[in-house]
Structure formats: structure tokens, C-alpha cells
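For reference, my_file-v9.txt is printed below; it contains compact mmCIF, C-alpha atoms.
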# COMPACT_ATOMS: atom_id res chain seq x y z
CA MET A 1 -4.77 44.52 -20.56
CA SER A 2 -7.66 46.94 -21.09
CA LEU A 3 -6.86 50.59 -20.31
CA THR A 4 -10.25 51.05 -18.66
CA TYR A 5 -10.18 47.95 -16.50
CA THR A 6 -11.85 47.74 -13.14
CA GLY A 7 -11.60 44.83 -10.75
CA LYS A 8 -14.39 43.02 -12.59
CA ASP A 9 -12.83 43.59 -16.00
CA THR A 10 -9.60 42.17 -14.68
CA LEU A 11 -11.39 39.06 -13.50
CA ARG A 12 -13.21 38.70 -16.82
CA GLU A 13 -9.92 38.99 -18.67
CA ILE A 14 -8.31 36.38 -16.41
CA VAL A 15 -11.25 34.00 -16.93
CA GLY A 16 -11.07 34.56 -20.71
CA ILE A 17 -7.39 33.69 -20.82
CA VAL A 18 -7.69 30.70 -18.50
CA GLU A 19 -10.66 29.30 -20.44
CA GLU A 20 -8.48 28.91 -23.51
CA MET A 21 -5.85 26.92 -21.65
CA PRO A 22 -5.71 23.11 -21.53
CA ASP A 23 -7.28 21.35 -18.53
CA ALA A 24 -3.94 20.41 -17.00
CA VAL A 25 -2.77 24.04 -17.02
CA GLN A 26 -6.11 25.19 -15.54
CA LYS A 27 -5.71 22.65 -12.74
CA ARG A 28 -2.16 23.81 -12.03
CA LEU A 29 -3.32 27.43 -11.91
CA LEU A 30 -6.20 26.56 -9.61
CA ARG A 31 -3.80 24.79 -7.25
CA HIS A 32 -1.51 27.80 -7.30
CA ILE A 33 -4.41 30.20 -6.53
CA LYS A 34 -5.64 27.95 -3.72
CA LEU A 35 -2.18 27.90 -2.15
CA GLU A 36 -1.99 31.70 -2.40
CA LYS A 37 -5.35 31.91 -0.62
CA ALA A 38 -4.09 29.43 1.97
CA LYS A 39 -1.06 31.66 2.60
CA LEU A 40 -3.31 34.65 3.30
CA LEU A 41 -5.40 32.56 5.69
CA GLY A 42 -2.23 31.18 7.25
CA LYS A 43 -0.88 34.66 7.94
CA GLU A 44 -4.16 35.70 9.61
CA ILE A 45 -4.23 32.51 11.69
CA SER A 46 -0.56 32.88 12.62
CA LYS A 47 -1.17 36.41 13.90
CA GLU A 48 -3.88 35.13 16.26
CA GLN A 49 -1.85 32.07 17.31
CA LYS A 50 0.94 34.27 18.63
CA LYS A 51 -1.46 35.49 21.34
CA VAL A 52 -2.08 31.97 22.69
CA LYS A 53 -0.44 31.54 26.09
CA ALA A 54 -1.50 27.96 26.89
CA LYS A 55 1.23 25.32 26.87
CA VAL A 56 0.16 21.80 26.00
CA SER A 57 1.92 18.82 24.48
CA ASP A 58 0.76 17.02 21.35
CA ASP A 59 -0.08 13.98 23.44
CA GLU A 60 -2.28 16.15 25.67
CA ILE A 61 -4.07 17.51 22.60
CA ALA A 62 -4.61 13.95 21.36
CA GLU A 63 -5.90 12.88 24.77
CA MET A 64 -8.38 15.79 24.90
CA ILE A 65 -9.74 14.80 21.51
CA HIS A 66 -9.71 11.11 22.38
CA GLN A 67 -11.79 11.80 25.52
CA TYR A 68 -14.21 13.89 23.48
CA ARG A 69 -14.59 11.04 20.94
CA LYS A 70 -15.08 8.56 23.75
CA LYS A 71 -17.77 10.70 25.36
CA LYS A 72 -19.57 11.00 22.05
CA ASN A 73 -19.14 7.33 21.24
CA PRO A 74 -18.34 5.09 24.25
CA LYS A 75 -17.09 2.24 21.98
CA TRP A 76 -14.12 4.34 20.83
CA MET B 1 8.73 11.00 -4.55
CA VAL B 2 5.85 12.96 -3.07
CA ASN B 3 4.93 11.91 0.47
CA ARG B 4 1.22 11.57 1.07
CA PHE B 5 -0.35 12.23 4.46
CA VAL B 6 -3.69 12.07 6.21
CA PHE B 7 -3.99 14.16 9.37
CA ASP B 8 -6.12 13.10 12.29
CA VAL B 9 -7.94 15.97 14.00
CA ASN B 10 -5.34 16.04 16.81
CA SER B 11 -2.65 16.60 14.16
CA TRP B 12 -4.57 19.46 12.55
CA VAL B 13 -4.93 21.06 15.98
CA SER B 14 -1.19 20.65 16.63
CA LEU B 15 -0.27 22.12 13.22
CA PHE B 16 -2.29 25.27 13.82
CA TYR B 17 -1.44 25.54 17.52
CA ARG B 18 2.30 25.22 16.84
CA ASP B 19 1.98 27.72 14.00
CA LYS B 20 3.35 25.34 11.37
CA TYR B 21 0.63 25.84 8.77
CA LEU B 22 2.64 28.29 6.61
CA LYS B 23 5.59 25.90 6.63
CA LEU B 24 3.23 23.16 5.51
CA ILE B 25 2.18 25.32 2.55
CA ALA B 26 5.84 25.71 1.57
CA LEU B 27 6.12 21.89 1.39
CA LEU B 28 3.01 21.78 -0.80
CA GLU B 29 4.38 24.49 -3.08
CA ASN B 30 7.60 22.53 -3.49
CA GLU B 31 5.47 19.47 -4.25
CA GLU B 32 7.17 17.54 -1.45
CA ILE B 33 3.89 16.42 0.08
CA GLU B 34 0.20 15.85 -0.65
CA ILE B 35 -2.47 15.94 2.03
CA PHE B 36 -5.70 13.96 1.83
CA SER B 37 -8.86 14.58 3.75
CA CYS B 38 -12.53 13.58 3.54
CA ARG B 39 -15.89 14.96 4.67
CA GLU B 40 -15.77 13.06 7.97
CA ASN B 41 -12.29 14.36 8.86
CA PHE B 42 -13.33 17.88 7.96
CA SER B 43 -16.62 17.79 9.88
CA GLU B 44 -14.98 16.15 12.92
CA PHE B 45 -12.49 19.02 13.08
CA ARG B 46 -15.36 21.54 12.86
CA ASP B 47 -17.35 19.68 15.51
CA ILE B 48 -14.44 19.49 17.96
CA HIS B 49 -13.52 23.14 17.47
CA SER B 50 -17.08 24.31 18.00
CA LYS B 51 -17.85 22.10 21.05
CA HIS B 52 -14.52 21.71 22.85
CA SER B 53 -13.70 24.89 24.74
CA ALA B 54 -10.12 23.81 25.60
CA ILE B 55 -9.37 23.26 21.90
CA ARG B 56 -10.90 26.65 21.08
CA LYS B 57 -8.46 28.23 23.55
CA LEU B 58 -5.60 26.70 21.59
CA LEU B 59 -7.07 27.77 18.24
CA PRO B 60 -8.59 31.22 18.84
CA SER B 61 -9.49 32.18 15.25
CA GLY B 62 -12.98 31.48 13.98
CA ILE B 63 -13.75 27.97 12.76
CA GLU B 64 -14.43 29.24 9.22
CA LYS B 65 -10.83 30.37 8.95
CA TYR B 66 -9.39 27.01 9.99
CA ALA B 67 -11.91 25.14 7.86
CA ALA B 68 -11.02 27.20 4.78
CA ALA B 69 -7.31 26.76 5.56
CA ILE B 70 -7.75 22.96 5.56
CA ASP B 71 -10.02 23.02 2.53
CA GLU B 72 -7.53 24.96 0.38
CA ILE B 73 -4.62 22.59 0.87
CA CYS B 74 -6.25 19.16 0.85
CA GLU B 75 -7.20 16.73 -1.84
CA PHE B 76 -10.63 15.43 -0.88
CA TYR B 77 -11.25 11.72 -1.27
CA GLU B 78 -14.22 9.78 0.06
CA PRO B 79 -13.12 6.28 1.23
CA GLN B 80 -15.01 3.46 -0.50
CA LYS B 81 -14.33 0.42 1.62
CA ARG B 82 -14.70 0.03 5.35
CA TYR B 83 -12.29 -2.09 7.32
CA SER B 84 -13.69 -3.15 10.66
CA LEU B 85 -10.48 -3.01 12.61
CA LEU B 86 -10.91 -0.80 15.57
CA ASN B 87 -13.48 -1.03 18.31
CA ASP B 88 -15.64 1.55 16.65
CA TYR B 89 -16.44 0.83 13.03
CA LYS B 90 -17.53 4.41 12.38
CA ASP B 91 -14.15 5.83 13.31
CA ASN B 92 -12.12 3.71 10.94
CA TYR B 93 -12.48 6.34 8.30
CA LEU B 94 -8.93 7.56 8.88
CA ILE B 95 -7.51 4.06 8.30
CA ASP B 96 -9.67 3.68 5.18
CA LEU B 97 -8.66 7.09 3.90
CA ALA B 98 -4.94 6.54 4.52
CA HIS B 99 -5.05 3.04 3.02
CA GLN B 100 -6.95 4.04 -0.12
CA THR B 101 -4.89 7.14 -0.83
CA LYS B 102 -1.61 5.32 -0.02
CA SER B 103 -0.90 7.90 2.64
CA ILE B 104 0.77 7.91 6.02
CA LEU B 105 -1.67 8.58 8.85
CA VAL B 106 -0.44 11.24 11.28
CA SER B 107 -2.03 10.83 14.69
CA ASN B 108 -1.10 10.93 18.35
CA ASP B 109 -4.24 9.03 19.34
CA LYS B 110 -3.00 5.87 21.08
CA HIS B 111 -6.15 4.14 19.93
CA PHE B 112 -4.41 3.61 16.59
CA ASP B 113 -1.59 1.60 18.19
CA VAL B 114 -3.56 -1.58 17.46
CA ALA B 115 -3.77 -0.66 13.76
CA LYS B 116 0.04 -0.32 13.58
CA LYS B 117 0.38 -4.09 14.09
CA LEU B 118 -2.05 -5.10 11.36
CA LYS B 119 -0.86 -6.68 8.14
CA ARG B 120 -4.01 -5.81 6.19
CA PRO B 121 -4.65 -3.09 5.47
CA LYS B 122 -1.04 -2.01 5.87
CA VAL B 123 -1.16 1.60 6.95
CA SER B 124 1.83 3.53 8.23
CA ILE B 125 0.99 5.59 11.28
CA ILE B 126 3.33 8.18 12.72
CA THR B 127 3.00 10.73 15.49
CA VAL B 128 2.80 14.42 14.72
CA GLN B 129 6.29 14.88 16.26
CA GLU B 130 7.64 12.26 13.85
CA PHE B 131 5.98 14.12 11.00
CA TYR B 132 7.64 17.40 12.08
CA ARG B 133 11.01 15.65 12.24
CA LEU B 134 10.53 13.90 8.91
CA MET B 135 9.56 17.09 7.08
CA GLU B 136 11.91 19.29 9.12
CA LEU B 137 9.10 21.55 10.31
Rendering of file as C-alpha cells:
Amino acid sequence: MSLTYTGKDTLREIVGIVEEMPDAVQKRLLRHIKLEKAKLLGKEISKEQKKVKAKVSDDEIAEMIHQYRKKKNPKW
Amino acid sequence: MVNRFVFDVNSWVSLFYRDKYLKLIALLENEEIEIFSCRENFSEFRDIHSKHSAIRKLLPSGIEKYAAAIDEICEFYEPQKRYSLLNDYKDNYLIDLAHQTKSILVSNDKHFDVAKKLKRPKVSIITVQEFYRLMEL
């Protein structure tokens, strides 16, 4: 790793290394990065969810969405 | 064998509301499951979150956060063929998606009960509670 790296240099170095890898490895890395990003999002979402006081069942959730679909499209 | 799933919007809402999203990621990391979605599924979730105030109360974060959370963990596949099975042709996309990706559809919408009895296309449909039990979430 460069001794004078900044955030951008780090990214450039990562891209340089990844570019030389086979497609299958690139895809695996991309999946791994996406799941890491998902974990960060999940932690933020989880923090907010803990504040929710409402108590509803899964069937009630489905019914709310079913009614919304029906209103939007009476054939449903 | 990896289990493949398609989540109806009510299942996505349940997953976030019951705070099971991080556990779902753990299953993906262990390559126990794959989740498929499509543009229609994604935009329906966005539409319902933005227009349905009761759903917004259950999912208080901004829609962009939930949308990105779905986007990062799904394989996107656009269904090619349309089966005209349910009353509303337009809303068969979940059946098409599940059938073409060989996935189990997870939905609590009773409207899909009719599809459970069909021989073609054969699509397995389970409730979100059954999914939680199956994957020990």
C-alpha cells in the first residue's frame, strides 16, 4: 500500500487490484461488498425500528396492502 | 441446496417491521438462501411506503434506506412470460417471477390461495411466518 495514500488513492489501488482478477472473483467480491453495505443499512434501519410502538400481525399487514392494491385496481 | 425466495411487498414490510433484516443477511452470507426481485416488486414497495401512512408508521426510516436495503440483497430478474391466473393479469408478476426463478413465493395475501391449487405453473407459496420458521429467523 502506498505510504502517501488518501481515501481516493486507496480506492484506486483497490480498483487496480480487482481489475486484474477473474470475473468470477470480481463478482464474489461485489456480492461481499454489497452485503457489507446491506449490514450498515440494516443497522441504521434496526435502530429506527426499535422506536416503533405499533403492534400488528403479519396478516394485518397483508390485509392493509391487499386493500391498497384493491383500491388502486378493483379487479385485484 | 440454496433455497430461493421471492418476497411479496407484505413480506418485505414484515421483515423490516419485525427487525429480521440483519438475520436475513446472515443467511445470504452463509449462502443458505437467494432472494429474487424485479422492477415491479421494487416499485410496488416504494409506492406503498410513500402512499400508505399506516405502513410508514411501521417502517419509519426513509424509503431510500429500505429501497437500498432491498436492492443490495436481491438478484434482479425481469419475468418473461405472463400467466393469466389471478383476477388481475397485471399482478401476476409475483407468480411469474417465482416460477421463472424456481423460487418459493412468500406472501400473506390470501389472494394467492387460488394459485396454491394450480398445477401449472407450479409455484410454492408460503406465509411469512412459515418462512421465519423454515429459516429459524
Find the residues around Leu40 of chain A up to 12 Å (all atoms listed in the file counted), leave out those fewer than 4 positions away in its own chain, and share them as a list in words. Ile33, Lys34, Leu35, Glu36, Glu44, Ile45, Ser46 and Lys47 of chain A; Tyr21, Leu22, Ile25, Lys65, Tyr66, Ala68, Ala69 and Glu72 of chain B
Give as a ChimeraX atom specification every residue of chain A that touches chain B within 8 Å, counting all atoms listed in the file. /A:32,34-35,37-39,41-43,45-46,48-49,52,54,58-59,61-63,65-66,68,75-76
In Å, how far is it from atom CA of Ser50 of chain B to atom CA of Asp96 of chain B?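 Atom CA of Ser50 of chain B sits 25.4 Å away from atom CA of Asp96 of chain B.
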Quote the spacing between atom CA of Ile104 of chain B and atom CA of Asn73 of chain A in Å to one decimal place.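 Spanning atom CA of Ile104 of chain B to atom CA of Asn73 of chain A is a straight-line distance of 25.1 Å.
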Which neighbours of Leu105 of chain B fall inside 9 Å, counting all atoms listed in the file, when residues of the same chain fewer than 2 positions from it are skipped, and could you give them as a ChimeraX atom specification? /B:4-8,94-95,97-99,103,107,123-127
Which residue is closest to Arg69 of chain A? Choose from B:Lys119, B:Val2, B:Phe42, B:Asp47 and count all atoms listed in the file.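 The shortest atom-to-atom distance to Arg69 of chain A comes from B:Asp47.
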Quick check, in Å to one decimal: how far apart do atom CA of Leu11 of chain A and atom CA of Leu29 of chain A lie?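 Distance between the two atoms: 14.2 Å.
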